[in-house]
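These notes concern the structure reproduced below.
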Amino acid sequence: MKDKKERVVLYGLGNAGKSMLPYIRENFDILFWVDGNQSLWGTKYEGISVCAPESLSGYDGKVIVTTTEAFFVEIADYLLKLGFDKNNIVRGQHQVCDQIAEIVPCEVEMLKPKKVNLRECDLLERAEGEKTCKVMVFCAFYTLYVNQLIRNCKKRMPDIHFSILSNSEAYFDEMKAYADHIYVYHSYAELYGILNELPEYDVFQLLWIENTWVYFRNIIREKCKRLNLGVGGSDLYRSRKAERIYKKSLIEMADQISAQTDATISAFLEVYPFTAGKIRWVNYGIEALEYMEQECRLKARERRRRLDISDDVIVVMCGYNASEAHRHVGLVETLAGMDKSVKEKILLLLPMTYPNGREGYIEEVERHLGGCGIPFRILTEYMNVQDMAEIEMMSDVLITVQTTDQLSSTMLEIMYAGKTVIAGKWLPYEDLREKGIFFVSVDEIADLTKALTEVVTDYRTFQERCSSNRKIVYDMSSWNTASPRWQKLWETTVFSGGAGK
């Protein structure tokens, strides 16, 4: 006779919960699903009834919160106020990169670490040696920002020994020549085990303030002489109130904090004023600038021909990935209202090569494009740095009206190439204008019709106004100028011994 499965209630019927359902069903007996969306109440998903949060009244069993981490903190707080014991509030971790689906407790103190062999967790299979100048870069997924940071800083600071901690094995091919170690965890229990076994590092550089690192904050603090946090766009602008409160404990532990723009620093200080003495401007360099010269221009023309785009048409790039945050549908619907004479002069180009799993959204955008009366191309195949540089060079205009951002390297690359950018005024780009960079701002998406019409009608004038952007962007964002800022961020410990915890 099989062991009886534990009975649970699920909280949160979103994409994360749906993706976890097979794993949860295999391990638990599901009573019902709870969600805050009133339109779902009384319905069923995969045979499971969906109820209002009030349905938890009188229930004292286990609740698996099946949402993204951004919502977990808020829901856990709600459950605690209802009287649930912390032991009965667990988080459903859906599969991300090479991290498996799993159920983890509300707090790390309740998590049992997996006993690991540190060398076996390293994709490079190297033993930790007694080295000086050790910097570990943390990022809980695969991103080119890690690759570019380490690759370019290693070239310019060969004495620093870089390592990576992530849940993605995709770093191996590009980073094996630059990193001493690439530690990959496949579960929170394994991550806990890796952190336990790590020796002390000079610097832990958290690329962004992710909830994963907040969960493990105490052991992270114990394992480094200096803890540095980077502020990204989503971990500040898109974080909810409860999540910001949750992150405060990690932020208080940090020795230094960096952000890419003055506007982001100001926004961060509004939320966390106590960080005024330890936050500074440190930007990422843009690797593509080194490639965007004559060879890139020639290849861009070849790529334009392969895409069957006439030399006479003005190519308008709409966003730069397949995230809904770029608001492609609203953008396309607005541009559909332009005069026919303008539509005939342009082609919409939509790079939608990442993130993975966005096929449904891409199809939705394509349906809207089909009815807008403007020729278009959607790009979905993977592109490396050089490929993307060629796409940017063959474009003439970039429209970026995403919901939030810190500072887009794609946008800066377009500016460096001398092309016109139309950006949402709500995005924190005004300090670029103060540095002398020219771009067009719109107050809302509805204003795109007028703004793009003006650019297309008088394109040469706008192009001339953008010609001075090149030098300003290089001085600000080449790795030759950016890497010394990172060195200064690390040098207190790395080059002079630094302060202890």
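Just so we're on the same page: first chain in the structure tokens is A, next is B, and so on; residues restart at 1 for each chain, and ligands are numbered from 1 in the order they show up.
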
Open item on the list: I want to know what sits within 6 Å of segment 439-446 of chain A, based on only C-alpha atoms, with residues of the same chain fewer than 6 positions away left out; could you give that as a VMD selection string?
Closed with: chain A and resid 334 421 to 425

Can you build me a table of segment 266-354 of chain A residues sitting at most 12 Å from segment 466-483 of chain A, with the closest atom pair per residue and its distance in Å to one decimal, using only C-alpha atoms, sorted by chain and residue number, as a Markdown table?
```
| residue | atom | partner | partner_atom | distance |
| --- | --- | --- | --- | --- |
| A:Trp281 | CA | A:Ala482 | CA | 10.4 |
| A:Val282 | CA | A:Ala482 | CA | 7.4 |
| A:Asn283 | CA | A:Ala482 | CA | 6.3 |
| A:Tyr284 | CA | A:Ala482 | CA | 6.3 |
| A:Gly285 | CA | A:Trp479 | CA | 4.3 |
| A:Ile286 | CA | A:Ser478 | CA | 5.5 |
| A:Glu287 | CA | A:Trp479 | CA | 6.7 |
| A:Ala288 | CA | A:Ser478 | CA | 8.8 |
| A:Leu289 | CA | A:Ser478 | CA | 6.6 |
| A:Glu290 | CA | A:Ser478 | CA | 7.9 |
| A:Tyr291 | CA | A:Ser478 | CA | 11.2 |
| A:Met292 | CA | A:Arg470 | CA | 10.9 |
| A:Glu293 | CA | A:Arg470 | CA | 11.5 |
```

Go ahead and dump the residues you just picked, N, CA and C atoms, as a PDB file, in the first residue's frame.
```pdb
ATOM      1  N   TRP A 281      27.605  55.425  -8.173  1.00  0.00           N
ATOM      2  CA  TRP A 281      27.338  55.170  -9.588  1.00  0.00           C
ATOM      3  C   TRP A 281      28.445  54.309 -10.171  1.00  0.00           C
ATOM      4  N   VAL A 282      28.086  53.115 -10.621  1.00  0.00           N
ATOM      5  CA  VAL A 282      29.011  52.217 -11.318  1.00  0.00           C
ATOM      6  C   VAL A 282      28.219  51.580 -12.458  1.00  0.00           C
ATOM      7  N   ASN A 283      28.620  51.839 -13.676  1.00  0.00           N
ATOM      8  CA  ASN A 283      27.847  51.328 -14.813  1.00  0.00           C
ATOM      9  C   ASN A 283      28.535  50.144 -15.471  1.00  0.00           C
ATOM     10  N   TYR A 284      27.751  49.384 -16.218  1.00  0.00           N
ATOM     11  CA  TYR A 284      28.303  48.314 -17.039  1.00  0.00           C
ATOM     12  C   TYR A 284      28.836  48.916 -18.330  1.00  0.00           C
ATOM     13  N   GLY A 285      29.989  48.450 -18.747  1.00  0.00           N
ATOM     14  CA  GLY A 285      30.476  48.843 -20.055  1.00  0.00           C
ATOM     15  C   GLY A 285      29.664  48.145 -21.133  1.00  0.00           C
ATOM     16  N   ILE A 286      29.822  48.592 -22.339  1.00  0.00           N
ATOM     17  CA  ILE A 286      29.093  48.000 -23.462  1.00  0.00           C
ATOM     18  C   ILE A 286      30.108  47.389 -24.416  1.00  0.00           C
ATOM     19  N   GLU A 287      30.147  46.091 -24.433  1.00  0.00           N
ATOM     20  CA  GLU A 287      31.133  45.365 -25.214  1.00  0.00           C
ATOM     21  C   GLU A 287      30.968  45.607 -26.707  1.00  0.00           C
ATOM     22  N   ALA A 288      29.740  45.782 -27.137  1.00  0.00           N
ATOM     23  CA  ALA A 288      29.467  45.925 -28.569  1.00  0.00           C
ATOM     24  C   ALA A 288      30.100  47.173 -29.162  1.00  0.00           C
ATOM     25  N   LEU A 289      30.420  48.171 -28.340  1.00  0.00           N
ATOM     26  CA  LEU A 289      31.018  49.393 -28.869  1.00  0.00           C
ATOM     27  C   LEU A 289      32.330  49.101 -29.585  1.00  0.00           C
ATOM     28  N   GLU A 290      33.052  48.089 -29.115  1.00  0.00           N
ATOM     29  CA  GLU A 290      34.328  47.742 -29.723  1.00  0.00           C
ATOM     30  C   GLU A 290      34.143  47.136 -31.109  1.00  0.00           C
ATOM     31  N   TYR A 291      32.943  46.622 -31.354  1.00  0.00           N
ATOM     32  CA  TYR A 291      32.668  45.958 -32.642  1.00  0.00           C
ATOM     33  C   TYR A 291      31.966  46.885 -33.627  1.00  0.00           C
ATOM     34  N   MET A 292      31.321  47.925 -33.125  1.00  0.00           N
ATOM     35  CA  MET A 292      30.456  48.741 -33.983  1.00  0.00           C
ATOM     36  C   MET A 292      31.252  49.754 -34.804  1.00  0.00           C
ATOM     37  N   GLU A 293      32.152  49.224 -35.617  1.00  0.00           N
ATOM     38  CA  GLU A 293      32.951  50.069 -36.494  1.00  0.00           C
ATOM     39  C   GLU A 293      32.686  49.660 -37.943  1.00  0.00           C
TER      40      GLU A 293
END
```

Task: Counting only C-alpha atoms, the option among A:Gly12, A:Pro428, A:Gly129, A:Gly83 closest to Asp60 of chain A - done: A:Gly83

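The environment of Asp255 of chain A within 9 Å, counting only C-alpha atoms and disregarding residues fewer than 5 places along the same chain, consists of Arg226, Leu227, Asn228, Leu229, Lys278 and Lys501 of chain A.
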
Open item on the list: With only C-alpha atoms as the counted atoms, please give the residues lying no more than 10 Å from Arg126 of chain A, apart from itself and same-chain residues fewer than 6 positions off, as a ChimeraX atom specification.
Closed with: /A:118-120,180-182

- [ ] Could you give me, as JSON, numbers by chain, the residues within 10 Å of Leu40 of chain A, counting only C-alpha atoms and dropping anything in the same chain fewer than 2 positions from it?
- [x] {"A": [13, 33, 34, 35, 36, 37, 38, 42, 43, 44, 45, 49, 50, 51, 52]}

Open item on the list: At a cut-off of 10 Å, using only C-alpha atoms, what residues contact Val332 of chain A? Leave out same-chain residues fewer than 6 positions from it and give the result as an MDAnalysis selection string.
Closed with: chainID A and resid 318 348 365:366 368:374 445 448

For the residues in the current selection, export N, CA, C and O atoms as a tab-separated table (two decimals), in the first residue's frame.
```tsv
chain	number	residue	atom	x	y	z
A	318	CYS	N	11.46	48.05	-32.40
A	318	CYS	CA	10.45	48.19	-31.34
A	318	CYS	C	10.83	47.31	-30.16
A	318	CYS	O	10.60	46.10	-30.17
A	348	LEU	N	8.84	47.88	-39.27
A	348	LEU	CA	8.99	47.61	-37.85
A	348	LEU	C	9.84	46.35	-37.66
A	348	LEU	O	9.56	45.31	-38.25
A	365	VAL	N	1.60	39.25	-30.51
A	365	VAL	CA	2.14	40.47	-31.10
A	365	VAL	C	2.07	40.40	-32.62
A	365	VAL	O	1.71	41.38	-33.29
A	366	GLU	N	2.38	39.23	-33.16
A	366	GLU	CA	2.35	39.07	-34.62
A	366	GLU	C	0.95	39.28	-35.18
A	366	GLU	O	0.78	39.84	-36.27
A	368	HIS	N	-1.32	41.31	-34.02
A	368	HIS	CA	-1.55	42.75	-34.06
A	368	HIS	C	-0.75	43.41	-35.18
A	368	HIS	O	-1.24	44.34	-35.84
A	369	LEU	N	0.46	42.94	-35.39
A	369	LEU	CA	1.28	43.49	-36.48
A	369	LEU	C	0.61	43.26	-37.83
A	369	LEU	O	0.65	44.11	-38.72
A	370	GLY	N	-0.01	42.09	-37.98
A	370	GLY	CA	-0.64	41.75	-39.24
A	370	GLY	C	-1.76	42.70	-39.64
A	370	GLY	O	-2.08	42.84	-40.82
A	371	GLY	N	-2.34	43.38	-38.66
A	371	GLY	CA	-3.45	44.27	-38.95
A	371	GLY	C	-3.12	45.74	-38.87
A	371	GLY	O	-4.01	46.59	-38.97
A	372	CYS	N	-1.83	46.08	-38.70
A	372	CYS	CA	-1.47	47.49	-38.49
A	372	CYS	C	-1.15	48.24	-39.76
A	372	CYS	O	-1.03	49.46	-39.76
A	373	GLY	N	-0.97	47.51	-40.88
A	373	GLY	CA	-0.70	48.16	-42.15
A	373	GLY	C	0.74	48.61	-42.33
A	373	GLY	O	1.03	49.43	-43.21
A	374	ILE	N	1.67	48.08	-41.52
A	374	ILE	CA	3.09	48.44	-41.61
A	374	ILE	C	3.89	47.15	-41.81
A	374	ILE	O	3.69	46.18	-41.08
A	445	ILE	N	2.38	56.31	-24.53
A	445	ILE	CA	2.46	55.55	-25.79
A	445	ILE	C	1.65	56.23	-26.89
A	445	ILE	O	2.05	56.22	-28.06
A	448	LEU	N	3.39	58.35	-29.53
A	448	LEU	CA	4.34	57.79	-30.49
A	448	LEU	C	3.98	58.14	-31.93
A	448	LEU	O	4.86	58.32	-32.78
```

Task: Per-residue DSSP, segment 353-437 of chain A, filtered to strand (DSSP E), as a list in words - done: Phe376, Arg377, Ile378, Leu379, Val397, Leu398, Ile399, Thr400, Thr420, Val421, Ile422, Ala423 and Gly424 of chain A

TODO: Find, counting only C-alpha atoms, the residue in A:Leu198, A:Ala254, A:Leu80, A:Ile150 that gets nearest to Asp122 of chain A.
DONE: A:Leu198

Open item on the list: List the spatial neighbours of segment 262-266 of chain A as a PyMOL selection string - criterion: any atom at most 8 Å away, only C-alpha atoms, same-chain residues fewer than 6 positions off excluded.
Closed with: chain A and resi 231+233+279-281+406+428-431

Could you save those same residues with N, CA, C and O atoms as a CSV table (one decimal), in the first residue's frame?
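Done, and the output landed in part.csv:
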```csv
chain,number,residue,atom,x,y,z
A,231,VAL,N,22.1,47.4,-8.0
A,231,VAL,CA,20.6,47.7,-8.1
A,231,VAL,C,20.3,47.6,-9.6
A,231,VAL,O,20.8,48.3,-10.5
A,233,GLY,N,16.9,47.3,-12.6
A,233,GLY,CA,15.7,48.0,-12.9
A,233,GLY,C,14.5,47.2,-12.2
A,233,GLY,O,13.8,47.8,-11.4
A,279,ILE,N,26.1,54.1,-1.4
A,279,ILE,CA,25.7,53.8,-2.7
A,279,ILE,C,26.5,54.7,-3.7
A,279,ILE,O,26.8,55.9,-3.4
A,280,ARG,N,26.8,54.2,-4.8
A,280,ARG,CA,27.6,55.0,-5.8
A,280,ARG,C,27.2,54.6,-7.2
A,280,ARG,O,26.6,53.5,-7.5
A,281,TRP,N,27.6,55.4,-8.2
A,281,TRP,CA,27.3,55.2,-9.6
A,281,TRP,C,28.4,54.3,-10.2
A,281,TRP,O,29.6,54.7,-10.2
A,406,GLN,N,16.4,50.5,-15.9
A,406,GLN,CA,17.4,51.3,-15.3
A,406,GLN,C,18.3,52.0,-16.4
A,406,GLN,O,18.2,53.2,-16.5
A,428,PRO,N,14.0,56.4,-16.5
A,428,PRO,CA,15.0,57.3,-15.8
A,428,PRO,C,16.2,57.7,-16.7
A,428,PRO,O,17.3,57.4,-16.4
A,429,TYR,N,15.9,58.3,-17.8
A,429,TYR,CA,17.0,58.6,-18.8
A,429,TYR,C,17.4,60.1,-18.8
A,429,TYR,O,18.2,60.5,-19.6
A,430,GLU,N,16.8,60.9,-18.0
A,430,GLU,CA,17.0,62.4,-18.1
A,430,GLU,C,18.5,62.7,-17.8
A,430,GLU,O,19.0,63.7,-18.3
A,431,ASP,N,19.2,61.9,-17.0
A,431,ASP,CA,20.6,62.2,-16.7
A,431,ASP,C,21.4,62.1,-18.0
A,431,ASP,O,22.5,62.7,-18.1
```

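Going from atom CA of Lys488 of chain A to atom CA of Ile257 of chain A covers 12.4 Å.
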
TODO: Tell me which of A:Val8, A:Leu56, A:Val73, A:Val203 sits closest to Gln487 of chain A, counting only C-alpha atoms.
DONE: A:Val203

Open item on the list: Among segment 94-198 of chain A, which residues does DSSP mark as alpha helix (DSSP H) when it is run on the backbone? Keep the chain and numbering as in the structure and answer as a PyMOL selection string.
Closed with: chain A and resi 144-156+172-175+188-197

Open item on the list: Report, in Å to a single decimal, how far apart atom CA of Ala179 of chain A and atom CA of Tyr145 of chain A are.
Closed with: 14.2 Å

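Atom pair atom CA of Asn88 of chain A / atom CA of Leu111 of chain A: separated by 13.2 Å.
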
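Closest approach to Asp202 of chain A among A:Gly17, A:Ser166, A:Thr400, A:Trp490 is made by A:Trp490 (distances from only C-alpha atoms).
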